[in-house]
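Structure, as structure tokens:
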Amino acid sequence: FVPVVVLVALGTLTAWGVGTGEWGRALINMAAVLIIACPCALGLAAPTAMMVGTGLGARHGILIRDAAALEQSGGITDVLLDKTGTLTAGRLAVTDVEAANRGDRSELLLLAAAVEAGSEHPIGKAICEHARSQGVEIRTVESFEAQSGRGVRGRVDGREVIVGTPAFATESGLDTVVVREAITAWEGQGRTAVIVAADGVCTGAIALADTVLPDAREAVQDLHYRGLTDHIVTGDNEHTARRVAREVGIRELDVHARVLPEQKSDLVSRLQQQGKVVMMVGDGVNDAPALAQADLGVAVRGGTDIAAESADLVLMRAGVGSLVDALALSRATLGKIKQNFCFAFFYNIIAIPIAAAGLLQPWMAAAAMGLSDICVIGNALLLY
């Protein structure tokens with residue numbers, strides 16, 4: 001832009017000076033060209049819209065952490081939704097406790113709660129809350145270790161305790177045949193099952209259930225209306241994932257169950273390789289790699305700090321009800337940026353020839369330049 005304007009200004013000086021011999025007027029016309037072309041409007045086009053968009057988002061509980069997210073929002077084709085805490089309330093409740101070989105359920109809860117006390121996962125919190133409600137003392141755990149998306153382990157009263165998914169139990173070499181029938185029944189009902197083992201022996205299993213958030217179905221339908229493809233991505237079992245998918249209106253074809261954290265990121269990569277522009281929505285540590293990998297990462301309130309740090313947008317209201325608002329705001333802000341740029345360019349295309357023709361005095365050019373800035377700022381404020 002600048003080299004072209006300088007050439008036009010020098011051309012104006014030469015043409016007027018040589019053509020009329022009035023070099024004083026030639027200098028005035030050249031000054032008018034330089035003033036009218038001052039790229040203030042171009043410089044304000046994006047920042048003003050961004051400032052208004054981020055301010056408006058903050059007022060509605062939408063924090064825009066990365067300005068580039070606004071540009072990405074315009075081309076989103078697929079939305080990957082985590083299940084627990086995103087589509088569902090994330091407040092799991094224990095529904096059944098099955099002790100192996102008719103053992104002591106209180107002992108089973110004591111071991112599970114002691115290990116899960118060190119976990120931030122909703123499953124761990126639910127088990128601890130249930131244990132407290134049953135009057136079970138939560139003891140201190142030693143050598144605590146969390147396996148992301150799989151389970152936890154630690155030492156309780158000198159015993160090596162493992163609490164995790166059936167797959168994690170199998171990976172750890174545990175024989176789960178004593179609780180397999182109960183787990184099959186629970187998963188068939190759409191519940192989440194975790195296995196508890198002590199010193200390499202399965203001591204029982206615990207079932208938990210979650211509820212779909214009231215605004216989840218409406219949000220998913222709105223995303224469909226906008227032409228986006230929705231997916232559920234969860235580490236939970238397939239029965240539970242499909243139940244949630246039916247409730248919110250997502251095709252079973254787009255359900256991805258028993259997905260580990262690194263596999264979520266791989267799924268995002270595969271879609272991107274297919275030419276898709278992917279938005280990932282999640283709230284947990286398990287979702288952080290996928291949030292970082294996605295073209296647009298959205299963290300939901302109530303999630304972990306690492307999820308929020310990995311995301312481009314943060315929804316301060318629980319659930320995905322405000323996801324559609326965030327997408328609409330992002331696209332509206334991007335639209336304003338484009339409008340401002342178009343106005344700034346067309347303003348210069350029209351105004352520069354007028355100034356070069358000697359129809360504007362420098363003070364008129366200065367006034368017109370200021371007016372263009374006001375127009376750009378005013379257009380951005382229309383977002384409100």
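In the structure tokens, each chain is lettered A, B, ... as it comes, each chain's residues begin at 1, and ligands are numbered from 1 in order of appearance.
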Shell of 10 Å around A:Thr333, only C-alpha atoms, local chain residues under 4 positions omitted, as a JSON list (two decimals) with C-alpha atoms, in the first residue's frame:
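Resulting contents of selection19.json:
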```
[["chain", "number", "residue", "atom", "x", "y", "z"],
["A", 46, "ALA", "CA", -9.01, -5.35, 12.77],
["A", 48, "THR", "CA", -11.29, -2.14, 16.84],
["A", 49, "ALA", "CA", -13.50, -5.08, 15.83],
["A", 50, "MET", "CA", -11.38, -7.41, 17.95],
["A", 51, "MET", "CA", -11.62, -5.11, 20.96],
["A", 52, "VAL", "CA", -15.39, -4.85, 20.68],
["A", 53, "GLY", "CA", -15.77, -8.59, 20.03],
["A", 54, "THR", "CA", -13.66, -9.67, 22.99],
["A", 56, "LEU", "CA", -18.84, -8.29, 24.17],
["A", 70, "LEU", "CA", -11.87, -15.56, 15.29],
["A", 71, "GLU", "CA", -10.40, -16.16, 11.87],
["A", 73, "SER", "CA", -14.25, -19.84, 13.38],
["A", 74, "GLY", "CA", -15.41, -18.85, 9.92],
["A", 327, "LEU", "CA", -19.41, -19.28, 17.38],
["A", 328, "ALA", "CA", -21.89, -16.60, 16.30],
["A", 329, "LEU", "CA", -19.86, -13.88, 18.04],
["A", 337, "ILE", "CA", -13.12, -7.02, 10.35],
["A", 338, "LYS", "CA", -13.72, -7.86, 6.69],
["A", 339, "GLN", "CA", -16.25, -5.01, 6.36],
["A", 380, "ALA", "CA", -17.13, -2.14, 14.86],
["A", 383, "LEU", "CA", -21.50, -5.50, 17.18]]
```
Q.
Which residues are close to stretch 198-201 of chain A, i.e. within 7 Å by only C-alpha atoms, leaving aside same-chain residues fewer than 3 positions away? Reply as a VMD selection string.
A. chain A and resid 159 to 162 174
Q: From stretch 192-321 of chain A, collect each residue whose DSSP state is strand (DSSP E or B) and return the set as an MDAnalysis selection string.
A: chainID A and resid 192:198 201:209 212 229:233 255:256 278:282 296:300 313:315
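The list of residues with at least one atom within 8 Å of stretch 236-247 of chain A, based on only C-alpha atoms and without residues fewer than 4 positions apart in the same chain, reads Lys83, Leu87, Glu187, Gly188, Gln189, Gly190, Arg191, Thr192, Val212, Arg217, Ile232, Arg251, Glu252, Val255, His256, Ala257, Arg258 and Val259 of chain A.
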Residues of stretch 206-270 of chain A that approach stretch 128-131 of chain A to 12 Å or less, counting only C-alpha atoms: could you list each one with the shortest pair of atoms and its distance in Å to one decimal, rows by chain and increasing residue number, as a Markdown table?
```
| residue | atom | partner | partner_atom | distance |
| --- | --- | --- | --- | --- |
| A:Ile206 | CA | A:His130 | CA | 10.8 |
| A:Ala207 | CA | A:His130 | CA | 11.4 |
| A:Leu208 | CA | A:His130 | CA | 10.4 |
```
Could you please take those selected residues and save C-alpha atoms as a compact mmCIF listing (two decimals), in the first residue's frame?
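In the end it all went to out07.txt:
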```txt
# COMPACT_ATOMS: atom_id res chain seq x y z
CA ILE A 206 -18.54 -49.51 40.98
CA ALA A 207 -21.19 -48.14 38.59
CA LEU A 208 -21.82 -44.44 38.01
```
Q: Would you list the contacts of A:Leu34 as a PyMOL selection string, taking every protein, DNA or RNA residue within 8 Å and counting only C-alpha atoms, but skipping same-chain residues closer than 3 positions in sequence?
A: chain A and resi 5-6+9+30-31+37-38
With N, CA and C atoms retained, write the just-selected residues as a CSV table (one decimal), in the first residue's frame.
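Resulting contents of out-v7.csv:
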```
chain,number,residue,atom,x,y,z
A,5,VAL,N,1.1,4.4,-2.8
A,5,VAL,CA,0.7,5.8,-2.4
A,5,VAL,C,1.9,6.8,-2.7
A,6,VAL,N,3.1,6.4,-2.3
A,6,VAL,CA,4.2,7.3,-2.6
A,6,VAL,C,4.4,7.5,-4.1
A,9,ALA,N,1.7,9.9,-5.1
A,9,ALA,CA,2.0,11.3,-4.7
A,9,ALA,C,3.1,12.0,-5.5
A,30,MET,N,0.0,17.1,-3.7
A,30,MET,CA,0.8,15.9,-3.2
A,30,MET,C,0.5,15.7,-1.7
A,31,ALA,N,0.5,16.8,-1.0
A,31,ALA,CA,0.3,16.7,0.5
A,31,ALA,C,-1.1,16.1,0.7
A,37,ALA,N,-4.4,9.4,2.2
A,37,ALA,CA,-4.1,8.0,2.1
A,37,ALA,C,-3.5,7.5,3.4
A,38,CYS,N,-3.4,8.3,4.4
A,38,CYS,CA,-2.9,7.9,5.7
A,38,CYS,C,-3.6,6.6,6.2
```
Can you check which parts of stretch 42-159 of chain A lie within 8 Å of stretch 225-230 of chain A? Per residue, the shortest pair of atoms and distance in Å to one decimal, counting only C-alpha atoms, sorted by chain and number, as a Markdown table.
```
| residue | atom | partner | partner_atom | distance |
| --- | --- | --- | --- | --- |
| A:Ile76 | CA | A:Leu228 | CA | 7.3 |
| A:Thr77 | CA | A:Leu228 | CA | 5.1 |
| A:Asp78 | CA | A:Thr229 | CA | 4.7 |
| A:Val79 | CA | A:Asp230 | CA | 4.8 |
| A:Leu80 | CA | A:Asp230 | CA | 6.1 |
| A:Leu81 | CA | A:Asp230 | CA | 7.2 |
```
May I have a table of the residues of stretch 72-115 of chain A lying at most 7 Å from stretch 133-152 of chain A, giving each one's closest pair of atoms and their distance in Å to one decimal, counting only C-alpha atoms, ordered by chain and ascending residue number, as a tab-separated table?
```
residue	atom	partner	partner_atom	distance
A:Ser106	CA	A:Val136	CA	6.8
A:Leu110	CA	A:Val136	CA	6.1
A:Ala113	CA	A:Ile138	CA	6.0
A:Ala114	CA	A:Ile138	CA	5.1
A:Val115	CA	A:Val141	CA	5.8
```
Go ahead and save the residues from that selection, with C-alpha atoms, as an mmCIF file, in the first residue's frame.
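Result saved to selection-v1.cif:
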```
data_model
loop_
_atom_site.group_PDB
_atom_site.id
_atom_site.type_symbol
_atom_site.label_atom_id
_atom_site.label_comp_id
_atom_site.auth_asym_id
_atom_site.auth_seq_id
_atom_site.Cartn_x
_atom_site.Cartn_y
_atom_site.Cartn_z
ATOM 1 C CA SER A 106 -17.502 -50.650 52.841
ATOM 2 C CA LEU A 110 -12.651 -47.318 51.488
ATOM 3 C CA ALA A 113 -12.133 -43.469 47.753
ATOM 4 C CA ALA A 114 -8.651 -43.322 49.281
ATOM 5 C CA VAL A 115 -6.996 -43.599 45.863
#
```
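If only C-alpha atoms are the atoms counted, then among A:Asp82, A:Asp325, A:Glu22, A:Asp266 the closest residue to A:Asp283 is A:Asp82.
Near A:Val324, within 8 Å and counting only C-alpha atoms, sit Ala219, Asp222, Leu223, Val320, Gly321, Leu327 and Ala328 of chain A; same-chain residues fewer than 3 positions away were not included.
If only C-alpha atoms are the atoms counted, then among A:Leu334, A:Leu371, A:Val33, A:Ala357 the closest residue to A:Val2 is A:Val33.
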Q | Test item, helix (DSSP H, G or I) assignment across stretch 15-214 of chain A, answer as a VMD selection string | A | chain A and resid 15 to 20 23 to 36 40 to 59 68 to 73 83 to 87 100 to 102 105 to 116 122 to 133 166 to 171 177 to 188
Q: Name the residues in contact with A:Ala32 at a cut-off of 7 Å, using only C-alpha atoms, excluding same-chain residues fewer than 3 positions from it; report them as a count of residues only.
A: 9
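Distance check against A:Arg105 using only C-alpha atoms: of A:Thr12, A:Thr170, A:Thr203, A:Thr234, the minimum falls on A:Thr203.
Going from atom CA of A:Glu181 over to atom CA of A:Gly235, you cover 20.9 Å.
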